[in-house]
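Source file: coords32.csv. Holds: CSV, C-alpha atoms.
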chain,number,residue,atom,x,y,z
A,1,MET,CA,109.9,85.6,-15.2
A,2,PHE,CA,106.2,85.6,-14.6
A,3,PRO,CA,105.2,86.6,-18.2
A,4,ALA,CA,107.4,83.8,-19.6
A,5,VAL,CA,105.8,81.2,-17.4
A,6,LEU,CA,102.3,82.5,-18.2
A,7,SER,CA,103.1,82.4,-21.9
A,8,PHE,CA,104.4,78.8,-21.6
A,9,LEU,CA,101.2,77.7,-19.7
A,10,LEU,CA,99.0,79.3,-22.3
A,11,THR,CA,100.8,77.6,-25.1
A,12,LEU,CA,100.6,74.2,-23.3
A,13,SER,CA,96.9,74.8,-22.7
A,14,ILE,CA,96.2,75.5,-26.4
A,15,PHE,CA,98.3,72.5,-27.5
A,16,SER,CA,96.6,70.2,-25.0
A,17,ALA,CA,93.2,71.4,-26.0
A,18,GLY,CA,94.0,70.7,-29.7
A,19,ALA,CA,95.4,67.2,-28.9
A,20,PHE,CA,92.6,66.1,-26.6
A,21,ALA,CA,89.8,67.5,-28.8
A,22,GLN,CA,90.3,64.5,-31.1
A,23,VAL,CA,89.8,61.9,-28.4
A,24,PRO,CA,86.1,61.0,-28.1
A,25,LEU,CA,84.6,61.5,-24.7
A,26,ASP,CA,83.8,58.3,-22.8
A,27,THR,CA,80.9,57.8,-20.4
A,28,ILE,CA,81.1,56.2,-17.0
A,29,PRO,CA,80.0,53.6,-16.4
A,30,ASN,CA,80.6,52.1,-19.8
A,31,SER,CA,79.9,48.4,-20.4
A,32,ARG,CA,79.1,46.2,-23.4
A,33,THR,CA,76.0,44.2,-23.8
A,34,LEU,CA,76.5,40.5,-24.5
A,35,PRO,CA,74.3,38.4,-26.8
A,36,GLY,CA,71.2,36.8,-25.4
A,37,GLU,CA,72.5,33.5,-26.6
A,38,TYR,CA,76.3,33.0,-26.1
A,39,PRO,CA,78.3,31.6,-29.0
A,40,GLU,CA,79.3,27.9,-28.5
A,41,SER,CA,83.0,28.9,-28.2
A,42,TRP,CA,82.3,30.8,-25.0
A,43,VAL,CA,83.0,29.2,-21.7
A,44,ILE,CA,82.4,30.4,-18.1
A,45,VAL,CA,85.2,29.7,-15.6
A,46,GLN,CA,85.2,30.2,-11.9
A,47,ASP,CA,87.9,32.4,-10.3
A,48,PHE,CA,87.8,30.8,-6.9
A,49,ASN,CA,90.2,33.4,-5.5
A,50,TYR,CA,91.7,31.5,-2.7
A,51,PRO,CA,93.4,34.5,-0.9
A,52,THR,CA,90.1,36.4,-0.7
A,53,MET,CA,87.3,33.8,-1.2
A,54,VAL,CA,84.7,36.4,0.1
A,55,LEU,CA,84.8,37.9,-3.4
A,56,GLY,CA,85.3,35.1,-5.9
A,57,GLY,CA,83.7,35.4,-9.3
A,58,TYR,CA,83.2,34.0,-12.8
A,59,ILE,CA,84.8,35.0,-16.1
A,60,ILE,CA,83.3,34.6,-19.5
A,61,ILE,CA,86.0,33.7,-22.1
A,62,ASP,CA,85.8,33.2,-25.9
A,63,VAL,CA,88.3,30.4,-26.5
A,64,ALA,CA,88.1,30.8,-30.2
A,65,ALA,CA,89.1,34.5,-30.2
A,66,LYS,CA,92.7,35.6,-30.8
A,67,THR,CA,92.1,38.9,-29.0
A,68,ASP,CA,89.5,40.4,-26.7
A,69,GLN,CA,88.9,36.9,-25.2
A,70,VAL,CA,87.4,38.1,-21.9
A,71,LYS,CA,83.8,39.1,-22.5
A,72,GLY,CA,82.6,39.8,-19.0
A,73,GLN,CA,82.7,39.0,-15.3
A,74,PHE,CA,80.2,38.6,-12.4
A,75,GLN,CA,80.5,37.8,-8.8
A,76,GLY,CA,80.3,34.5,-6.9
A,77,ALA,CA,81.1,34.6,-3.2
A,78,GLN,CA,82.2,32.0,-0.7
A,79,PHE,CA,82.5,28.6,-2.5
A,80,ALA,CA,79.9,29.7,-5.0
A,81,GLY,CA,78.1,27.4,-7.4
A,82,LEU,CA,76.8,28.2,-10.9
A,83,ALA,CA,74.0,27.0,-13.1
A,84,TRP,CA,73.3,28.3,-16.6
A,85,SER,CA,69.7,28.6,-17.9
A,86,LYS,CA,69.5,28.6,-21.7
A,87,LYS,CA,65.7,28.9,-21.7
A,88,ARG,CA,65.6,32.1,-19.7
A,89,ALA,CA,69.0,33.5,-20.7
A,90,GLU,CA,69.9,33.8,-17.0
A,91,LEU,CA,72.8,32.8,-14.8
A,92,TYR,CA,72.2,31.5,-11.2
A,93,VAL,CA,74.9,31.8,-8.6
A,94,ALA,CA,74.4,30.0,-5.2
A,95,GLU,CA,76.6,32.0,-2.8
A,96,SER,CA,77.0,33.1,0.8
A,97,TYR,CA,77.8,36.2,2.7
A,98,TYR,CA,78.6,37.3,6.3
A,99,GLU,CA,77.2,40.5,7.6
A,100,ASN,CA,80.7,41.6,8.7
A,101,VAL,CA,82.5,40.4,5.6
A,102,GLY,CA,84.4,37.5,7.3
A,103,TYR,CA,82.2,36.9,10.3
A,104,GLY,CA,78.7,37.5,11.7
A,105,GLN,CA,75.3,36.4,10.5
A,106,ARG,CA,75.6,34.2,7.4
A,107,SER,CA,73.2,34.5,4.5
A,108,ASP,CA,72.9,32.0,1.7
A,109,LEU,CA,71.1,33.0,-1.5
A,110,VAL,CA,70.7,32.4,-5.2
A,111,THR,CA,71.6,35.5,-7.1
A,112,ILE,CA,70.0,35.8,-10.6
A,113,TYR,CA,72.0,37.5,-13.3
A,114,GLU,CA,70.8,38.5,-16.8
A,115,GLN,CA,72.9,36.9,-19.4
A,116,ALA,CA,73.1,39.9,-21.7
A,117,ASN,CA,74.3,42.5,-19.3
A,118,LEU,CA,75.5,40.5,-16.2
A,119,GLN,CA,73.3,42.6,-13.9
A,120,ALA,CA,71.8,41.1,-10.8
A,121,ILE,CA,68.0,41.1,-11.3
A,122,GLY,CA,66.8,39.1,-8.3
A,123,LYS,CA,67.7,36.8,-5.5
A,124,VAL,CA,66.2,33.9,-3.6
A,125,PRO,CA,67.2,33.5,0.1
A,126,LEU,CA,68.1,29.9,1.0
A,127,PRO,CA,67.0,28.8,4.5
A,128,GLY,CA,69.1,27.1,7.2
A,129,ASN,CA,72.6,27.9,6.2
A,130,LYS,CA,72.9,24.4,4.7
A,131,ARG,CA,74.6,25.1,1.4
A,132,ALA,CA,77.8,23.0,1.2
A,133,PHE,CA,81.0,24.9,1.8
A,134,MET,CA,83.6,22.9,-0.1
A,135,SER,CA,85.7,23.2,-3.2
A,136,PRO,CA,83.0,23.8,-5.9
A,137,ARG,CA,82.0,21.1,-8.4
A,138,THR,CA,79.5,21.3,-11.2
A,139,ALA,CA,77.4,18.6,-9.5
A,140,MET,CA,76.7,20.8,-6.5
A,141,THR,CA,74.4,23.4,-8.3
A,142,ARG,CA,72.3,22.0,-11.1
A,143,LEU,CA,69.1,22.8,-13.0
A,144,THR,CA,66.6,20.0,-13.7
A,145,GLY,CA,66.3,18.9,-17.3
A,146,ASN,CA,63.4,21.3,-18.0
A,147,GLU,CA,65.1,24.1,-16.1
A,148,ARG,CA,62.1,24.5,-13.8
A,149,PHE,CA,64.0,23.8,-10.6
A,150,LEU,CA,67.5,24.7,-9.3
A,151,LEU,CA,69.0,21.9,-7.1
A,152,ILE,CA,71.6,22.9,-4.5
A,153,PHE,CA,73.7,20.4,-2.6
A,154,ASN,CA,73.7,20.8,1.2
A,155,PHE,CA,76.2,19.4,3.7
A,156,THR,CA,76.0,20.2,7.5
A,157,PRO,CA,77.3,17.2,7.5
A,158,ALA,CA,73.8,15.9,7.0
A,159,ALA,CA,73.3,15.7,3.2
A,160,SER,CA,70.3,17.1,1.4
A,161,VAL,CA,69.2,19.0,-1.7
A,162,THR,CA,67.4,22.3,-1.6
A,163,VAL,CA,64.8,22.6,-4.5
A,164,VAL,CA,64.3,26.2,-5.8
A,165,ASP,CA,61.5,27.0,-8.2
A,166,MET,CA,63.1,29.3,-10.7
A,167,GLU,CA,59.8,30.3,-12.3
A,168,GLN,CA,58.3,31.4,-8.9
A,169,ARG,CA,61.6,32.5,-7.5
A,170,THR,CA,60.9,30.7,-4.2
A,171,VAL,CA,62.3,27.7,-2.3
A,172,ALA,CA,60.0,24.8,-3.1
A,173,GLY,CA,61.4,22.3,-0.6
A,174,GLU,CA,64.2,20.0,0.4
A,175,VAL,CA,65.1,16.4,-0.4
A,176,GLN,CA,67.0,14.4,2.2
A,177,ILE,CA,69.8,12.3,0.8
A,178,PRO,CA,71.6,10.8,3.9
A,179,GLY,CA,75.0,9.3,3.1
A,180,CYS,CA,74.9,10.5,-0.5
A,181,THR,CA,76.7,13.2,-2.4
A,182,PHE,CA,76.1,15.6,-5.3
A,183,ILE,CA,73.3,16.1,-7.9
A,184,TYR,CA,73.0,14.6,-11.4
A,185,PRO,CA,69.8,15.7,-13.2
A,186,TYR,CA,68.2,13.6,-15.9
A,187,ALA,CA,64.9,13.5,-17.8
A,188,ASP,CA,62.7,16.6,-17.0
A,189,GLN,CA,62.5,16.7,-13.2
A,190,SER,CA,64.5,13.8,-11.9
A,191,PHE,CA,68.0,13.6,-10.4
A,192,PHE,CA,70.2,10.9,-8.8
A,193,THR,CA,73.0,11.1,-6.3
A,194,LEU,CA,75.9,8.8,-5.4
A,195,CYS,CA,75.9,7.1,-2.0
A,196,GLY,CA,78.6,6.0,0.4
A,197,ASP,CA,77.8,2.3,0.1
A,198,GLY,CA,78.4,2.4,-3.7
A,199,SER,CA,74.7,2.6,-4.7
A,200,LEU,CA,72.8,5.3,-6.6
A,201,ALA,CA,69.7,6.9,-5.2
A,202,HIS,CA,67.2,8.5,-7.6
A,203,PHE,CA,64.3,10.9,-7.2
A,204,THR,CA,61.5,12.4,-9.4
A,205,LEU,CA,59.8,15.7,-8.5
A,206,ASN,CA,56.3,16.9,-9.3
A,207,ALA,CA,55.2,20.3,-10.4
A,208,SER,CA,55.4,21.6,-6.8
A,209,GLY,CA,59.0,20.3,-6.3
A,210,ASP,CA,58.0,17.4,-4.0
A,211,VAL,CA,59.4,13.9,-4.4
A,212,ILE,CA,56.8,11.6,-6.0
A,213,GLU,CA,59.1,8.7,-6.9
A,214,GLU,CA,62.4,7.5,-5.5
A,215,GLY,CA,64.5,4.4,-5.6
A,216,LEU,CA,67.9,2.9,-4.8
A,217,THR,CA,70.1,0.6,-6.9
A,218,ASP,CA,72.3,-2.2,-5.7
A,219,PRO,CA,75.9,-1.1,-4.9
A,220,PHE,CA,78.1,-1.0,-8.0
A,221,ASN,CA,80.7,1.7,-7.2
A,222,ASP,CA,83.6,0.0,-5.6
A,223,ILE,CA,84.6,2.8,-3.4
A,224,ASP,CA,87.2,1.0,-1.3
A,225,ASN,CA,89.2,-0.5,-4.3
A,226,ASP,CA,88.5,1.6,-7.4
A,227,ALA,CA,86.1,4.5,-6.7
A,228,MET,CA,84.3,6.3,-9.5
A,229,TYR,CA,85.3,10.0,-9.9
A,230,MET,CA,82.3,12.1,-9.4
A,231,THR,CA,82.2,14.3,-12.6
A,232,PRO,CA,80.8,12.3,-15.5
A,233,GLY,CA,80.6,12.9,-19.2
A,234,VAL,CA,76.9,12.7,-20.4
A,235,PHE,CA,75.6,11.8,-23.8
A,236,ASP,CA,72.0,10.7,-24.6
A,237,GLN,CA,71.2,10.3,-20.9
A,238,ILE,CA,74.1,7.9,-20.4
A,239,PHE,CA,76.5,9.1,-17.6
A,240,TYR,CA,80.1,7.9,-18.1
A,241,PHE,CA,82.1,7.9,-14.8
A,242,PRO,CA,85.8,7.2,-15.0
A,243,THR,CA,87.4,5.4,-12.0
A,244,GLN,CA,90.6,5.9,-10.2
A,245,PHE,CA,92.4,3.0,-12.0
A,246,GLY,CA,91.0,3.8,-15.4
A,247,ARG,CA,87.8,1.9,-15.8
A,248,LEU,CA,84.7,3.6,-17.3
A,249,GLN,CA,81.4,3.0,-15.6
A,250,PRO,CA,78.3,3.9,-17.7
A,251,VAL,CA,74.9,4.4,-16.1
A,252,ASP,CA,71.9,4.6,-18.4
A,253,LEU,CA,69.2,7.1,-17.2
A,254,SER,CA,67.1,7.1,-20.3
A,255,GLY,CA,64.4,4.8,-19.0
A,256,ALA,CA,62.1,4.7,-16.0
A,257,GLU,CA,64.8,3.2,-13.8
A,258,PRO,CA,68.6,3.6,-13.8
A,259,VAL,CA,70.4,0.8,-15.5
A,260,VAL,CA,74.1,0.2,-14.5
A,261,LEU,CA,75.8,-0.9,-17.7
A,262,PRO,CA,78.9,-3.1,-17.9
A,263,ASP,CA,82.1,-1.3,-17.3
A,264,TRP,CA,85.3,-1.4,-19.4
A,265,SER,CA,88.9,-0.3,-19.2
A,266,LEU,CA,90.2,2.9,-20.8
A,267,ILE,CA,93.8,1.7,-20.6
A,268,SER,CA,95.7,-1.3,-21.7
A,269,GLU,CA,97.6,-3.6,-19.4
A,270,GLU,CA,100.9,-2.0,-20.5
A,271,GLU,CA,99.5,1.5,-19.8
A,272,GLU,CA,98.2,0.4,-16.5
A,273,GLN,CA,101.8,-0.7,-15.6
A,274,ASP,CA,103.0,2.6,-16.7
A,275,ARG,CA,100.6,4.2,-14.3
A,276,TRP,CA,98.4,6.0,-16.7
A,277,ARG,CA,95.3,7.1,-14.8
A,278,PRO,CA,92.4,9.6,-15.2
A,279,VAL,CA,93.0,12.9,-13.6
A,280,ARG,CA,90.7,13.6,-10.6
A,281,ARG,CA,88.0,16.3,-10.6
A,282,GLU,CA,86.8,17.7,-13.9
A,283,THR,CA,88.2,14.8,-15.9
A,284,VAL,CA,85.8,13.9,-18.7
A,285,ASP,CA,83.5,15.5,-21.3
A,286,VAL,CA,81.6,14.6,-24.4
A,287,ASP,CA,81.2,16.4,-27.7
A,288,ARG,CA,78.0,16.7,-29.8
A,289,SER,CA,78.8,13.6,-31.8
A,290,GLY,CA,79.2,11.5,-28.7
A,291,THR,CA,83.0,11.3,-28.6
A,292,LEU,CA,84.3,11.0,-25.1
A,293,TYR,CA,87.4,12.9,-24.0
A,294,VAL,CA,89.3,11.9,-20.8
A,295,LEU,CA,92.1,13.9,-19.2
A,296,MET,CA,94.9,11.4,-18.4
A,297,HIS,CA,98.2,11.6,-16.6
A,298,ARG,CA,101.1,9.4,-15.5
A,299,VAL,CA,101.4,9.2,-11.7
A,300,GLU,CA,104.3,8.2,-9.5
A,301,GLU,CA,101.8,6.7,-7.1
A,302,ASP,CA,98.1,6.0,-7.2
A,303,GLY,CA,95.9,8.6,-5.7
A,304,ALA,CA,98.0,11.6,-6.9
A,305,ARG,CA,95.9,14.5,-8.0
A,306,ILE,CA,98.0,15.3,-11.0
A,307,GLY,CA,101.1,13.7,-12.5
A,308,GLY,CA,104.0,14.9,-14.6
A,309,THR,CA,102.6,14.2,-18.0
A,310,SER,CA,99.1,15.1,-19.2
A,311,GLU,CA,97.3,13.9,-22.3
A,312,VAL,CA,93.7,13.8,-23.6
A,313,TRP,CA,92.5,10.5,-24.8
A,314,SER,CA,89.3,10.3,-27.0
A,315,PHE,CA,87.0,7.3,-27.1
A,316,ASP,CA,84.1,5.9,-29.0
A,317,PRO,CA,82.0,4.7,-26.0
A,318,ALA,CA,79.7,2.6,-28.2
A,319,ALA,CA,82.6,0.7,-29.7
A,320,ARG,CA,84.6,0.8,-26.4
A,321,LYS,CA,87.8,1.8,-28.0
A,322,ARG,CA,90.2,4.7,-28.0
A,323,VAL,CA,90.1,6.8,-31.2
A,324,GLY,CA,92.7,9.5,-30.4
A,325,ARG,CA,95.5,10.6,-28.2
A,326,ILE,CA,96.5,14.3,-27.7
A,327,GLY,CA,99.7,15.3,-26.0
A,328,LEU,CA,99.5,18.6,-24.1
A,329,ARG,CA,102.0,21.4,-23.9
A,330,LYS,CA,101.3,21.8,-20.2
A,331,ASP,CA,100.1,19.6,-17.4
A,332,ALA,CA,96.3,20.1,-16.9
A,333,SER,CA,93.9,19.6,-14.0
A,334,ALA,CA,90.5,20.0,-15.7
A,335,LEU,CA,89.0,19.5,-19.1
A,336,ALA,CA,85.9,20.8,-21.0
A,337,VAL,CA,84.7,20.5,-24.6
A,338,THR,CA,82.8,23.3,-26.3
A,339,GLY,CA,79.7,22.8,-28.5
A,340,GLY,CA,79.5,23.1,-32.3
A,341,ASP,CA,80.6,20.8,-35.1
A,342,SER,CA,84.3,21.8,-34.6
A,343,PRO,CA,84.6,21.7,-30.9
A,344,HIS,CA,87.5,23.1,-28.8
A,345,LEU,CA,89.2,21.3,-26.0
A,346,VAL,CA,89.8,23.7,-23.1
A,347,LEU,CA,92.4,22.6,-20.5
A,348,LEU,CA,92.9,24.3,-17.2
A,349,SER,CA,96.7,24.6,-16.6
A,350,GLY,CA,97.7,26.6,-13.5
A,351,ASN,CA,96.2,30.1,-13.9
A,352,GLY,CA,95.7,29.8,-17.7
A,353,PHE,CA,93.9,27.8,-20.3
A,354,GLY,CA,95.2,25.7,-23.2
A,355,VAL,CA,92.9,25.5,-26.2
A,356,TYR,CA,93.1,22.6,-28.8
A,357,ASP,CA,91.1,21.4,-31.7
A,358,ALA,CA,89.2,18.5,-30.2
A,359,LYS,CA,89.0,16.5,-33.5
A,360,THR,CA,92.6,16.9,-34.7
A,361,GLY,CA,94.4,17.6,-31.4
A,362,GLU,CA,96.1,20.7,-33.0
A,363,PHE,CA,97.2,23.3,-30.4
A,364,ILE,CA,95.4,26.6,-31.0
A,365,GLN,CA,96.4,29.0,-28.3
A,366,GLU,CA,97.1,29.7,-24.7
A,367,ILE,CA,94.8,32.1,-22.8
A,368,GLY,CA,95.9,33.6,-19.6
A,369,GLY,CA,98.7,35.6,-18.0
A,370,TRP,CA,96.8,38.6,-16.9
A,371,TRP,CA,95.8,37.1,-13.6
A,372,GLU,CA,97.7,37.0,-10.4
A,373,ASP,CA,99.5,33.6,-9.7
A,374,ALA,CA,97.5,33.2,-6.5
A,375,THR,CA,94.2,33.1,-8.4
A,376,THR,CA,92.9,29.6,-8.7
A,377,PHE,CA,90.4,28.6,-11.4
A,378,GLN,CA,88.0,25.8,-10.8
A,379,LEU,CA,85.1,25.0,-13.1
A,380,ILE,CA,84.5,25.3,-16.8
A,381,HIS,CA,80.9,25.6,-18.0
A,382,THR,CA,80.3,25.2,-21.7
A,383,ASN,CA,77.4,26.1,-23.9
A,384,LYS,CA,76.3,22.7,-25.3
What is this structure when it is put down as structure tokens?
Amino acid sequence: MFPAVLSFLLTLSIFSAGAFAQVPLDTIPNSRTLPGEYPESWVIVQDFNYPTMVLGGYIIIDVAAKTDQVKGQFQGAQFAGLAWSKKRAELYVAESYYENVGYGQRSDLVTIYEQANLQAIGKVPLPGNKRAFMSPRTAMTRLTGNERFLLIFNFTPAASVTVVDMEQRTVAGEVQIPGCTFIYPYADQSFFTLCGDGSLAHFTLNASGDVIEEGLTDPFNDIDNDAMYMTPGVFDQIFYFPTQFGRLQPVDLSGAEPVVLPDWSLISEEEEQDRWRPVRRETVDVDRSGTLYVLMHRVEEDGARIGGTSEVWSFDPAARKRVGRIGLRKDASALAVTGGDSPHLVLLSGNGFGVYDAKTGEFIQEIGGWWEDATTFQLIHTNK
């Protein structure tokens, strides 16, 4: 019995050696290197990871690829915010940790990742544990126009903006914005914020990160009756804010002072009666030609976050008219437009993404299905 078993094992060993000799050896760790400048069809989405927010993260996806769409991942913990530096080919994640995972001493910091290999190469501690802990928005973590300073929204509930010098890798200071919310950079080193009385406060920083100019507009955002949604589309320094009932409010930041331009309606009287409304949150984006895309839905009652029918309407904002209407295969909660002359529409639907040709409305593909249902995606950052 023993010789027979030994003979079988020797035969199996020889066969296995011959079979596995043709398989190339792999090294551990083994990771790819990404290009220093991402293609315009790549987007970065946030995996908020509601069940275990301590270890959320970001996923880089090529929405134009038919296979191998996921290009990389990196970490973003505890209501993290992301800013994307094109000049330095770096990614900045504002995040927070507790010394005992879920409790203990809290540390806020900006983690700096190299874009090519997604390795953390530095960090900047943030003082005071002030960084806003809320569902992330793009307007909570922003670079100034010249990418010198990273601006981080704080809420304790006192509102302020931490100014981080990304050349010196140090905190340069803090700007108090009482009663105001979020950060909208314009020009080289200026930003504005939206205030609770319906006005807009604006600030300009000097080379040290200190405020050298500031101002306040008259109230124009009718918060009680038709509030502006707080994620605008931006083209040529004009910020386009949709409102709850379907108006579009442009604000021109191309000059020395903000100019609130006349608003206009995105919907007809009949569409208003049919309860077509802009979707809340990441609702609007603009392509390179200046075409405005707005995610719309029909709601049973005003104030609903998402309705039973989703479409993307495209507009010529200069002519104030709709130029296209795209029906979607699935209801969507967020929208982004990629760069390039043939941009893609990327729609967040549940735990996946629908991809469409922005110009023709043609459906291209659905990306997703390899994540757990409990995973929740939030933001879409595009390379424009």
Item to complete: One decimal, Å: what's the distance from atom CA of Val259 of chain A over to atom CA of Ser208 of chain A, could you say?
Response: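 Spanning atom CA of Val259 of chain A to atom CA of Ser208 of chain A is a straight-line distance of 27.1 Å.
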Practice prompt. Have a look at atom CA of Ile183 of chain A and atom CA of Ala139 of chain A and let me know their distance in Å, one decimal.
Written response: 5.1 Å
Item to complete: Record the distance separating atom CA of Phe377 of chain A and atom CA of Leu150 of chain A, expressed in Å with one decimal.
Response: 23.3 Å
Response to the item:
Using only C-alpha atoms, the residue out of A:Ala64, A:Gln176, A:Phe48, A:Glu114 with shortest distance to Leu345 of chain A is A:Ala64
Practice prompt. Identify, on the basis of only C-alpha atoms, every residue whose closest approach to Thr162 of chain A does not exceed 8 Å; exclude the query and any residue fewer than 6 positions from it along the same chain; express the result as an MDAnalysis selection string.
Written response: chainID A and resid 151:154 171:175
Discussion item. Neighbouring residues of Asn206 of chain A were defined as those with any atom within 12 Å, considering all atoms listed in the file; residues of the same chain fewer than 3 positions away were excluded. Please report them as a ChimeraX atom specification.
Written reply: /A:144,148-149,163,165,172-173,188-190,203,209-214
Within 6 Å of Ser314 of chain A using all atoms listed in the file, minus same-chain residues under 4 positions, as a short mmCIF file (atom, residue, chain, number, x, y, z; two decimals) with C-alpha atoms, in the coordinates of the input:
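The resulting part.cif:
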data_model
loop_
_atom_site.label_atom_id
_atom_site.label_comp_id
_atom_site.auth_asym_id
_atom_site.auth_seq_id
_atom_site.Cartn_x
_atom_site.Cartn_y
_atom_site.Cartn_z
CA LEU A 292 84.30 11.00 -25.10
CA TYR A 293 87.40 12.90 -24.00
CA ARG A 322 90.20 4.70 -28.00
CA VAL A 323 90.10 6.80 -31.20
CA GLY A 324 92.70 9.50 -30.40
#
If we draw a sphere of 8 Å around (99.3, 5.1, -8.9), which residues have at least one atom in it when counting only C-alpha atoms? Please report them as a short mmCIF file (atom, residue, chain, number, x, y, z; two decimals) with C-alpha atoms, in the coordinates of the input.
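So the final result, stored in part30.cif, reads:
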data_model
loop_
_atom_site.label_atom_id
_atom_site.label_comp_id
_atom_site.auth_asym_id
_atom_site.auth_seq_id
_atom_site.Cartn_x
_atom_site.Cartn_y
_atom_site.Cartn_z
CA PHE A 245 92.40 3.00 -12.00
CA ARG A 275 100.60 4.20 -14.30
CA TRP A 276 98.40 6.00 -16.70
CA ARG A 277 95.30 7.10 -14.80
CA VAL A 299 101.40 9.20 -11.70
CA GLU A 300 104.30 8.20 -9.50
CA GLU A 301 101.80 6.70 -7.10
CA ASP A 302 98.10 6.00 -7.20
CA GLY A 303 95.90 8.60 -5.70
CA ALA A 304 98.00 11.60 -6.90
#
Worksheet entry | A:Ile177, A:Ala358, A:Val110, A:Ile223 ranked by distance to Pro125 of chain A, top pick (using all atoms listed in the file) |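 Counting all atoms listed in the file, the residue closest to Pro125 of chain A is A:Val110.
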Worksheet item: Mind listing as a PyMOL selection string all residues within 9 Å of (74.0, 16.4, -16.2), counting all atoms listed in the file?
Response: chain A and resi 138-139+142-145+183-186+191+232-234+237+239
Dump as a CSV table (one decimal), keeping the file's coordinate frame, selection limited to C-alpha atoms:
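Result file out-v1.csv:
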chain,number,residue,atom,x,y,z
A,138,THR,CA,79.5,21.3,-11.2
A,139,ALA,CA,77.4,18.6,-9.5
A,142,ARG,CA,72.3,22.0,-11.1
A,143,LEU,CA,69.1,22.8,-13.0
A,144,THR,CA,66.6,20.0,-13.7
A,145,GLY,CA,66.3,18.9,-17.3
A,183,ILE,CA,73.3,16.1,-7.9
A,184,TYR,CA,73.0,14.6,-11.4
A,185,PRO,CA,69.8,15.7,-13.2
A,186,TYR,CA,68.2,13.6,-15.9
A,191,PHE,CA,68.0,13.6,-10.4
A,232,PRO,CA,80.8,12.3,-15.5
A,233,GLY,CA,80.6,12.9,-19.2
A,234,VAL,CA,76.9,12.7,-20.4
A,237,GLN,CA,71.2,10.3,-20.9
A,239,PHE,CA,76.5,9.1,-17.6
I'd like the neighbourhood of Leu379 of chain A as a PDB file with C-alpha atoms, keeping the file's coordinate frame, where a residue qualifies if any of its atoms comes within 12 Å (using all atoms listed in the file), though same-chain residues fewer than 5 positions away should be ignored.
ATOM      1  CA  VAL A  43      83.000  29.200 -21.700  1.00  0.00           C
ATOM      2  CA  ILE A  44      82.400  30.400 -18.100  1.00  0.00           C
ATOM      3  CA  VAL A  45      85.200  29.700 -15.600  1.00  0.00           C
ATOM      4  CA  GLN A  46      85.200  30.200 -11.900  1.00  0.00           C
ATOM      5  CA  ASP A  47      87.900  32.400 -10.300  1.00  0.00           C
ATOM      6  CA  PHE A  48      87.800  30.800  -6.900  1.00  0.00           C
ATOM      7  CA  GLY A  57      83.700  35.400  -9.300  1.00  0.00           C
ATOM      8  CA  TYR A  58      83.200  34.000 -12.800  1.00  0.00           C
ATOM      9  CA  ILE A  59      84.800  35.000 -16.100  1.00  0.00           C
ATOM     10  CA  ILE A  60      83.300  34.600 -19.500  1.00  0.00           C
ATOM     11  CA  PHE A  79      82.500  28.600  -2.500  1.00  0.00           C
ATOM     12  CA  ALA A  80      79.900  29.700  -5.000  1.00  0.00           C
ATOM     13  CA  GLY A  81      78.100  27.400  -7.400  1.00  0.00           C
ATOM     14  CA  LEU A  82      76.800  28.200 -10.900  1.00  0.00           C
ATOM     15  CA  ALA A  83      74.000  27.000 -13.100  1.00  0.00           C
ATOM     16  CA  SER A 135      85.700  23.200  -3.200  1.00  0.00           C
ATOM     17  CA  PRO A 136      83.000  23.800  -5.900  1.00  0.00           C
ATOM     18  CA  ARG A 137      82.000  21.100  -8.400  1.00  0.00           C
ATOM     19  CA  THR A 138      79.500  21.300 -11.200  1.00  0.00           C
ATOM     20  CA  ALA A 139      77.400  18.600  -9.500  1.00  0.00           C
ATOM     21  CA  MET A 140      76.700  20.800  -6.500  1.00  0.00           C
ATOM     22  CA  THR A 141      74.400  23.400  -8.300  1.00  0.00           C
ATOM     23  CA  THR A 231      82.200  14.300 -12.600  1.00  0.00           C
ATOM     24  CA  ARG A 281      88.000  16.300 -10.600  1.00  0.00           C
ATOM     25  CA  GLU A 282      86.800  17.700 -13.900  1.00  0.00           C
ATOM     26  CA  THR A 283      88.200  14.800 -15.900  1.00  0.00           C
ATOM     27  CA  SER A 333      93.900  19.600 -14.000  1.00  0.00           C
ATOM     28  CA  ALA A 334      90.500  20.000 -15.700  1.00  0.00           C
ATOM     29  CA  LEU A 335      89.000  19.500 -19.100  1.00  0.00           C
ATOM     30  CA  ALA A 336      85.900  20.800 -21.000  1.00  0.00           C
ATOM     31  CA  VAL A 346      89.800  23.700 -23.100  1.00  0.00           C
ATOM     32  CA  LEU A 347      92.400  22.600 -20.500  1.00  0.00           C
ATOM     33  CA  LEU A 348      92.900  24.300 -17.200  1.00  0.00           C
ATOM     34  CA  PHE A 353      93.900  27.800 -20.300  1.00  0.00           C
TER      35      PHE A 353
END
Would you write out, as a Markdown table, a table of all residues in segment 279-379 of chain A that have an atom no more than 12 Å from an atom of segment 266-269 of chain A, listing for each the closest atom pair and the distance in Å to one decimal, considering all atoms listed in the file and ordering rows by chain and rising residue number?
| residue | atom | partner | partner_atom | distance |
| --- | --- | --- | --- | --- |
| A:Leu292 | CA | A:Leu266 | CA | 10.9 |
| A:Tyr293 | CA | A:Leu266 | CA | 10.9 |
| A:Val294 | CA | A:Leu266 | CA | 9.0 |
| A:Leu295 | CA | A:Leu266 | CA | 11.3 |
| A:Met296 | CA | A:Leu266 | CA | 10.0 |
| A:His297 | CA | A:Ile267 | CA | 11.5 |
| A:Arg298 | CA | A:Ile267 | CA | 11.8 |
| A:Val312 | CA | A:Leu266 | CA | 11.8 |
| A:Trp313 | CA | A:Leu266 | CA | 8.9 |
| A:Ser314 | CA | A:Leu266 | CA | 9.7 |
| A:Phe315 | CA | A:Leu266 | CA | 8.3 |
| A:Asp316 | CA | A:Leu266 | CA | 10.7 |
| A:Pro317 | CA | A:Leu266 | CA | 9.9 |
| A:Ala319 | CA | A:Leu266 | CA | 11.9 |
| A:Arg320 | CA | A:Leu266 | CA | 8.2 |
| A:Lys321 | CA | A:Leu266 | CA | 7.7 |
| A:Arg322 | CA | A:Leu266 | CA | 7.4 |
| A:Val323 | CA | A:Leu266 | CA | 11.1 |
| A:Gly324 | CA | A:Leu266 | CA | 11.9 |
| A:Arg325 | CA | A:Ile267 | CA | 11.8 |
